[in-house]
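**Q** So I've got this file, run-v9.pdb, and it contains PDB, C-alpha atoms and all ligand atoms:
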ATOM      1  CA  MET A   1      84.988 -11.107 -48.991
ATOM      2  CA  ALA A   2      81.513 -12.205 -47.957
ATOM      3  CA  THR A   3      79.122  -9.634 -49.394
ATOM      4  CA  GLN A   4      76.195 -11.233 -51.133
ATOM      5  CA  PRO A   5      72.530 -10.413 -51.540
ATOM      6  CA  GLY A   6      70.153 -11.670 -48.878
ATOM      7  CA  ASN A   7      71.381 -12.661 -45.456
ATOM      8  CA  GLN A   8      75.091 -13.075 -46.124
ATOM      9  CA  THR A   9      77.483 -11.376 -43.759
ATOM     10  CA  ILE A  10      79.207  -8.135 -44.718
ATOM     11  CA  SER A  11      82.738  -7.713 -43.431
ATOM     12  CA  VAL A  12      83.867  -4.222 -42.541
ATOM     13  CA  TYR A  13      87.197  -2.630 -41.761
ATOM     14  CA  ALA A  14      87.450   0.737 -40.032
ATOM     15  CA  LEU A  15      90.302   3.071 -40.923
ATOM     16  CA  ASN A  16      90.887   5.512 -38.081
ATOM     17  CA  THR A  17      92.816   8.478 -39.447
ATOM     18  CA  GLY A  18      92.963  10.525 -36.272
ATOM     19  CA  SER A  19      89.443  10.442 -34.911
ATOM     20  CA  CYS A  20      88.541  11.106 -31.290
ATOM     21  CA  GLY A  21      87.299   7.515 -31.106
ATOM     22  CA  GLY A  22      83.621   8.412 -30.884
ATOM     23  CA  CYS A  23      82.566   7.173 -34.293
ATOM     24  CA  ASP A  24      84.817   4.115 -33.981
ATOM     25  CA  ARG A  25      82.945   3.189 -30.826
ATOM     26  CA  GLU A  26      79.625   3.581 -32.629
ATOM     27  CA  ILE A  27      80.871   1.386 -35.478
ATOM     28  CA  ALA A  28      81.827  -1.274 -32.933
ATOM     29  CA  VAL A  29      78.324  -1.145 -31.454
ATOM     30  CA  ALA A  30      76.813  -1.432 -34.931
ATOM     31  CA  VAL A  31      78.868  -4.545 -35.700
ATOM     32  CA  ARG A  32      78.110  -6.097 -32.322
ATOM     33  CA  LYS A  33      74.357  -5.546 -32.646
ATOM     34  CA  ASP A  34      73.924  -6.632 -36.262
ATOM     35  CA  ASP A  35      74.307 -10.351 -37.000
ATOM     36  CA  ARG A  36      74.889  -9.583 -40.670
ATOM     37  CA  LEU A  37      77.978  -7.484 -39.973
ATOM     38  CA  GLU A  38      81.395  -8.748 -38.964
ATOM     39  CA  TRP A  39      84.942  -7.432 -38.698
ATOM     40  CA  ALA A  40      87.306  -8.102 -41.550
ATOM     41  CA  ARG A  41      90.801  -9.234 -40.565
ATOM     42  CA  SER A  42      92.345  -6.583 -42.787
ATOM     43  CA  PRO A  43      91.295  -3.935 -45.308
ATOM     44  CA  HIS A  44      92.323  -6.385 -48.018
ATOM     45  CA  THR A  45      89.606  -8.863 -46.995
ATOM     46  CA  ALA A  46      86.867  -6.340 -46.200
ATOM     47  CA  ASP A  47      83.694  -5.904 -48.188
ATOM     48  CA  VAL A  48      83.280  -2.311 -47.058
ATOM     49  CA  LEU A  49      85.813   0.226 -45.793
ATOM     50  CA  LEU A  50      84.829   2.765 -43.172
ATOM     51  CA  LEU A  51      86.781   5.988 -42.763
ATOM     52  CA  THR A  52      86.807   7.822 -39.452
ATOM     53  CA  GLY A  53      88.848  10.834 -38.476
ATOM     54  CA  PRO A  54      89.959  13.934 -40.360
ATOM     55  CA  VAL A  55      92.896  12.203 -42.079
ATOM     56  CA  THR A  56      95.707  13.921 -40.248
ATOM     57  CA  SER A  57      98.811  14.855 -42.230
ATOM     58  CA  PRO A  58     100.802  11.745 -41.205
ATOM     59  CA  CYS A  59      97.840   9.546 -42.200
ATOM     60  CA  LYS A  60      97.258  10.956 -45.668
ATOM     61  CA  ALA A  61      99.989   9.214 -47.673
ATOM     62  CA  PRO A  62      99.459   5.758 -46.124
ATOM     63  CA  PHE A  63      95.698   6.140 -46.488
ATOM     64  CA  LEU A  64      95.920   7.004 -50.178
ATOM     65  CA  GLN A  65      98.352   4.144 -50.752
ATOM     66  CA  LEU A  66      95.960   1.751 -49.082
ATOM     67  CA  LEU A  67      93.107   2.961 -51.273
ATOM     68  CA  ARG A  68      95.216   2.278 -54.339
ATOM     69  CA  GLU A  69      95.543  -1.315 -53.112
ATOM     70  CA  VAL A  70      91.985  -1.961 -51.925
ATOM     71  CA  GLY A  71      89.959   0.877 -53.395
ATOM     72  CA  ASP A  72      87.791  -1.405 -55.508
ATOM     73  CA  ARG A  73      85.315  -1.715 -52.645
ATOM     74  CA  PRO A  74      82.886   0.789 -51.176
ATOM     75  CA  LEU A  75      84.309   3.497 -48.932
ATOM     76  CA  LEU A  76      81.941   5.027 -46.393
ATOM     77  CA  VAL A  77      82.855   8.225 -44.599
ATOM     78  CA  ILE A  78      81.638   7.998 -41.015
ATOM     79  CA  GLY A  79      81.269  11.179 -38.965
ATOM     80  CA  ARG A  80      81.599  14.867 -39.508
ATOM     81  CA  CYS A  81      85.339  15.160 -38.946
ATOM     82  CA  ALA A  82      86.018  12.649 -41.714
ATOM     83  CA  MET A  83      83.865  14.744 -44.020
ATOM     84  CA  ASP A  84      85.355  18.191 -43.513
ATOM     85  CA  GLY A  85      87.544  18.209 -40.414
ATOM     86  CA  SER A  86      84.973  19.687 -38.065
ATOM     87  CA  PRO A  87      85.363  20.109 -35.087
ATOM     88  CA  PHE A  88      89.139  19.910 -35.511
ATOM     89  CA  GLY A  89      89.275  22.888 -37.839
ATOM     90  CA  LYS A  90      90.544  21.266 -41.034
ATOM     91  CA  GLY A  91      90.918  17.970 -42.804
ATOM     92  CA  GLY A  92      88.535  15.347 -44.056
ATOM     93  CA  PHE A  93      88.332  13.635 -47.426
ATOM     94  CA  SER A  94      86.681  16.668 -49.036
ATOM     95  CA  GLU A  95      90.140  18.182 -49.480
ATOM     96  CA  TRP A  96      91.111  15.556 -52.061
ATOM     97  CA  GLY A  97      89.525  15.310 -55.416
ATOM     98  CA  GLU A  98      91.022  11.913 -56.168
ATOM     99  CA  VAL A  99      89.066  10.007 -53.522
ATOM    100  CA  VAL A 100      85.598   8.748 -54.390
ATOM    101  CA  VAL A 101      83.277   7.853 -51.548
ATOM    102  CA  GLN A 102      79.989   5.990 -51.783
ATOM    103  CA  HIS A 103      78.357   7.592 -48.788
ATOM    104  CA  GLN A 104      78.898  10.291 -46.186
ATOM    105  CA  LEU A 105      77.289   9.821 -42.815
ATOM    106  CA  ASP A 106      77.108  13.043 -40.859
ATOM    107  CA  GLY A 107      77.078  13.239 -37.078
ATOM    108  CA  CYS A 108      79.490  13.815 -34.242
ATOM    109  CA  PRO A 109      79.194  11.018 -33.535
ATOM    110  CA  THR A 110      76.706   9.306 -35.772
ATOM    111  CA  THR A 111      74.615   6.408 -34.501
ATOM    112  CA  PRO A 112      75.084   2.631 -34.734
ATOM    113  CA  GLU A 113      71.717   2.331 -36.454
ATOM    114  CA  ALA A 114      72.663   4.848 -39.135
ATOM    115  CA  ILE A 115      76.041   3.189 -39.624
ATOM    116  CA  ALA A 116      74.505  -0.271 -40.066
ATOM    117  CA  ALA A 117      71.919   1.074 -42.493
ATOM    118  CA  ALA A 118      74.586   2.831 -44.545
ATOM    119  CA  ILE A 119      76.738  -0.281 -44.723
ATOM    120  CA  HIS A 120      73.848  -2.428 -45.901
ATOM    121  CA  ALA A 121      72.819   0.162 -48.453
ATOM    122  CA  GLN A 122      76.310   0.573 -49.873
ATOM    123  CA  ALA A 123      77.656  -2.956 -49.726
ATOM    124  CA  ALA A 124      76.917  -3.697 -53.354
ATOM    125  CA  PRO A 125      79.889  -3.276 -55.708
ATOM    126  CA  ALA A 126      80.253   0.350 -56.653
ATOM    127  CA  VAL A 127      82.664   2.966 -57.916
ATOM    128  CA  PRO A 128      86.308   2.360 -56.945
ATOM    129  CA  ALA A 129      87.383   4.455 -53.983
ATOM    130  CA  ILE A 130      90.266   6.008 -55.847
ATOM    131  CA  ALA A 131      89.513   7.842 -59.013
ATOM    132  CA  ASP A 132      92.146   6.434 -61.356
ATOM    133  CA  GLY A 133      91.518   2.848 -60.185
ATOM    134  CA  THR A 134      95.254   2.205 -59.906
ATOM    135  CA  ARG A 135      96.125  -0.981 -58.088
ATOM    136  CA  ASP A 136      99.529  -2.145 -56.964
ATOM    137  CA  ALA A 137      98.871  -5.879 -57.185
TER     138      ALA A 137
HETATM  139  S1  LIG B   1      82.830  12.963 -36.063
HETATM  140 FE1  LIG B   1      82.978  13.695 -33.955
HETATM  141  S2  LIG B   1      82.617  11.864 -32.679
HETATM  142 FE2  LIG B   1      83.095  11.142 -34.766
HETATM  143  S3  LIG B   1      85.302  10.727 -34.696
HETATM  144 FE3  LIG B   1      85.007  12.839 -35.486
HETATM  145  S4  LIG B   1      85.158  14.194 -33.683
HETATM  146 FE4  LIG B   1      84.844  12.073 -32.944
END
Would you mind writing the file out in structure tokens?
Ligand code: SF4
**A**
Amino acid sequence: MATQPGNQTISVYALNTGSCGGCDREIAVAVRKDDRLEWARSPHTADVLLLTGPVTSPCKAPFLQLLREVGDRPLLVIGRCAMDGSPFGKGGFSEWGEVVVQHQLDGCPTTPEAIAAAIHAQAAPAVPAIADGTRDA
């Protein structure tokens, strides 16, 4: 991981759990435009995790398992559907009490500028993304 105070690069990994692709595209623009952001090769090497999509039923178990492995880094919820399932009708992290998020960024989609600002604001070590802090290492 590369997160440090000052001008160090922050590596991000986006977890698409069934999004329409709109917020993922905005995340890509944010990373491309901001010299202090870069893509992580995997969620295990990321400084910050970004969740997009309403977490469809097939995605839920693998997503929770991944958080148990890498949930000691900030998790940012990007876009309205990841928050509460809108406009898809249901879903979003709000259905699960066990997941802790550092920030929710509303919008459908949200903007690259807002995404970059949220990443920079939340990159400092924070509350683990899964409530019991269980890790499978
Ligand atoms: S919040 Fe809207 S634009 Fe973003 S992924 Fe969900 S449906 Fe697409």
**Q** Output as JSON the centre and edge lengths (Å, one decimal) of the box along x, y and z of the file that holds every listed atom of ligand LIG 1 (chain B) after adding 6 Å on each side.
**A**
{"center_x": 84.0, "center_y": 12.5, "center_z": -34.4, "size_x": 14.7, "size_y": 15.5, "size_z": 15.4}
**Q** Per residue of chain A within 9 Å of ligand LIG 1 (chain B), record the nearest atom pair and its distance in Å to one decimal, counting only C-alpha atoms and all ligand atoms, with rows in chain order and ascending residue number, as a Markdown table.
**A**
| residue | atom | partner | partner_atom | distance |
| --- | --- | --- | --- | --- |
| A:Asn16 | CA | B:LIG1 | S3 | 8.4 |
| A:Gly18 | CA | B:LIG1 | S3 | 7.8 |
| A:Ser19 | CA | B:LIG1 | S3 | 4.2 |
| A:Cys20 | CA | B:LIG1 | FE4 | 4.2 |
| A:Gly21 | CA | B:LIG1 | S3 | 5.2 |
| A:Gly22 | CA | B:LIG1 | S2 | 4.0 |
| A:Cys23 | CA | B:LIG1 | FE2 | 4.0 |
| A:Asp24 | CA | B:LIG1 | S3 | 6.7 |
| A:Arg25 | CA | B:LIG1 | S3 | 8.8 |
| A:Glu26 | CA | B:LIG1 | FE2 | 8.6 |
| A:Thr52 | CA | B:LIG1 | S3 | 5.8 |
| A:Gly53 | CA | B:LIG1 | S3 | 5.2 |
| A:Pro54 | CA | B:LIG1 | FE3 | 7.0 |
| A:Ile78 | CA | B:LIG1 | S1 | 7.1 |
| A:Gly79 | CA | B:LIG1 | S1 | 3.7 |
| A:Arg80 | CA | B:LIG1 | S1 | 4.1 |
| A:Cys81 | CA | B:LIG1 | FE3 | 4.2 |
| A:Ala82 | CA | B:LIG1 | FE3 | 6.3 |
| A:Met83 | CA | B:LIG1 | S1 | 8.2 |
| A:Gly85 | CA | B:LIG1 | FE3 | 7.7 |
| A:Ser86 | CA | B:LIG1 | S4 | 7.0 |
| A:Pro87 | CA | B:LIG1 | S4 | 6.1 |
| A:Phe88 | CA | B:LIG1 | S4 | 7.2 |
| A:Asp106 | CA | B:LIG1 | S1 | 7.5 |
| A:Gly107 | CA | B:LIG1 | S1 | 5.8 |
| A:Cys108 | CA | B:LIG1 | FE1 | 3.5 |
| A:Pro109 | CA | B:LIG1 | S2 | 3.6 |
| A:Thr110 | CA | B:LIG1 | FE2 | 6.7 |
**Q** Out of A:Gly97, A:Pro43, A:Pro74, A:Gly92, which residue has the shortest atom-to-atom distance to Ser57 (chain A) when counting only C-alpha atoms?
**A**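 With only C-alpha atoms as the atom set, the closest residue is A:Gly92.
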**Q** What is the distance, in Å and to one decimal place, between CA of Leu66 (chain A) and CA of Asp47 (chain A)?
**A**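 Between CA of Leu66 (chain A) and CA of Asp47 (chain A) the gap is 14.5 Å.
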**Q** Measure the distance from CA of Gln65 (chain A) to CA of Ala28 (chain A) in Å and round it to one decimal.
**A**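 Between CA of Gln65 (chain A) and CA of Ala28 (chain A) the gap works out to 24.9 Å.
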**Q** Pick the closest to Val55 (chain A) from A:Arg68, A:His103, A:His120, A:Lys90: which is it, counting only C-alpha atoms?
**A**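 Of A:Arg68, A:His103, A:His120, A:Lys90, the one nearest Val55 (chain A) is A:Lys90, counting only C-alpha atoms.
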**Q** Tell me which of A:Leu105, A:Val99, A:Val12, A:Ala123 sits closest to Ala46 (chain A), counting only C-alpha atoms.
**A**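 Among A:Leu105, A:Val99, A:Val12, A:Ala123, it is A:Val12 that comes nearest to Ala46 (chain A).
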**Q** To one decimal place, how far is CA of Leu50 (chain A) from CA of Ile119 (chain A) in Å?
**A**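 CA of Leu50 (chain A) sits 8.8 Å away from CA of Ile119 (chain A).
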